[in-house]
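J.: Quick one: the structure is below, and I'll ask about it shortly.
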Amino acid sequence: MRADRLVSLVLLLRQHGRMSATALARELEVSTRTVLRDIEALSAAGVPVYAERGRHGGFALLPGFRTELTGLNHDEALALLIAGSRRGAQAFGLGSALASAMLKVVDALPESYRNTAAGAAERLLIDPETDLLSRRQVAEEVPDATVAEVRRAVFAGHKLRIHYAAVGQSPEWRTVDPIGLVTVRDQGYLLATRSGADRTYRLSRILAAEELDEPAQRPDRVDLDRAWQERSTRFRTGGDQVTVLVRLHPARREELAGTALAVHSEETDADGWLRLEVSFQDSRHAEWALWQLATSAEALAPQWLRTSLRDRAAAIATCYGV
């Protein structure tokens, strides 16, 4: 991995000009001593890096030391930079690799595209960490070593042993045939089969993983988008799901739709409120979702949900009563 770090060091100097050992260490996530050793290695290899002493000193490259990536137009370069701004790679443990790749792309762009494409990319923000209501979109944390093992098995086509903690169950080891990786709203999933049956595993619940030498039993090619859609459909239509008829203030429509599994029908009442038929994963999910909407929503059916919400409201009123 040192070779990759040396390349990243050269590219940082190319893009930023003079940088101190401390700044380089921070960017490369190593110690300043390691940076100094890398600088010595680059010099010994003939890379024209030199030191400037003083308060504003640091390390720099002689002007003109670069290569160019030809064949990219401005929009293609911009597309690459925008792709690099997305956080999907974080879910697969490729965040540092993506940052390094974007550094190389920017450095290799022709001069005429590099400045304009990088400037345009600064004007676009994709999937910010918070929305307009300041709700933070938290990406799930998965140990790099674990997701790297999963990733290797997926790409190599080998069987995979995972120590998986399913909801409400004790963690256990299981052997699966990995098919592919999917990220949705910063949550990573492993699509696999187990004993021939489709299985979907959340990466954050994989406590440990081990790539096996045995080839995985899977087709040579897969339409991952179609596979995900099919599994999503089965998830939405299976289990202990409940269907609810709800009357809703239109301003809260997107909030409810984002919480429910599916919106099956929708119409507008004479007063402008919406009447929707939606499904939830189970009764607790339905009660929680409608409780969050307070007086902006009224459960019309089923009756057990109306009763449950009424009892909860009564308990709150009693708690705060005089």
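Letters A, B, ... mark the chains of the structure tokens in the order given; residue numbers begin at 1 per chain; ligand numbers begin at 1, in order shown.
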List as an NGL selection string the protein and nucleic acid residues near Arg205 of chain A, meaning an atom at most 9 Å away when only C-alpha atoms are counted, but skip any in the same chain fewer than 5 places from it.

T.: :A and (142 or 163-167 or 171)

J.: Rounded to one decimal in Å, what is the spacing between atom CA of Ala153 of chain A and atom CA of Glu211 of chain A?

T.: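 Value for the atom CA of Ala153 of chain A-atom CA of Glu211 of chain A distance: 5.3 Å.
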
J.: Would you please work out which residue, of A:Thr175, A:Gln292, A:Thr34, A:Thr146, is nearest to Leu9 of chain A when using only C-alpha atoms?

T.: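 Once distances to Leu9 of chain A are computed over only C-alpha atoms, the minimum belongs to A:Thr34.
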
J.: List every residue of segment 142-249 of chain A that has an atom at most 6 Å from any atom of segment 269-277 of chain A, giving for each one its closest atom pair and the distance in Å to one decimal, counting only C-alpha atoms, sorted by chain and then by ascending residue number, as JSON lines.

T.:
{"residue": "A:Val244", "atom": "CA", "partner": "A:Glu277", "partner_atom": "CA", "distance": 5.7}
{"residue": "A:Leu245", "atom": "CA", "partner": "A:Glu277", "partner_atom": "CA", "distance": 4.6}
{"residue": "A:Val246", "atom": "CA", "partner": "A:Leu276", "partner_atom": "CA", "distance": 5.4}
{"residue": "A:Arg247", "atom": "CA", "partner": "A:Arg275", "partner_atom": "CA", "distance": 4.6}
{"residue": "A:Leu248", "atom": "CA", "partner": "A:Leu274", "partner_atom": "CA", "distance": 5.0}
{"residue": "A:His249", "atom": "CA", "partner": "A:Trp273", "partner_atom": "CA", "distance": 5.0}

J.: Segment 283-288 of chain A: which residues within 9 Å, counting only C-alpha atoms, same-chain residues fewer than 6 positions away excluded, as JSON, numbers by chain?

T.: {"A": [240, 241, 242, 243, 244, 259, 260, 305, 306, 308, 309]}
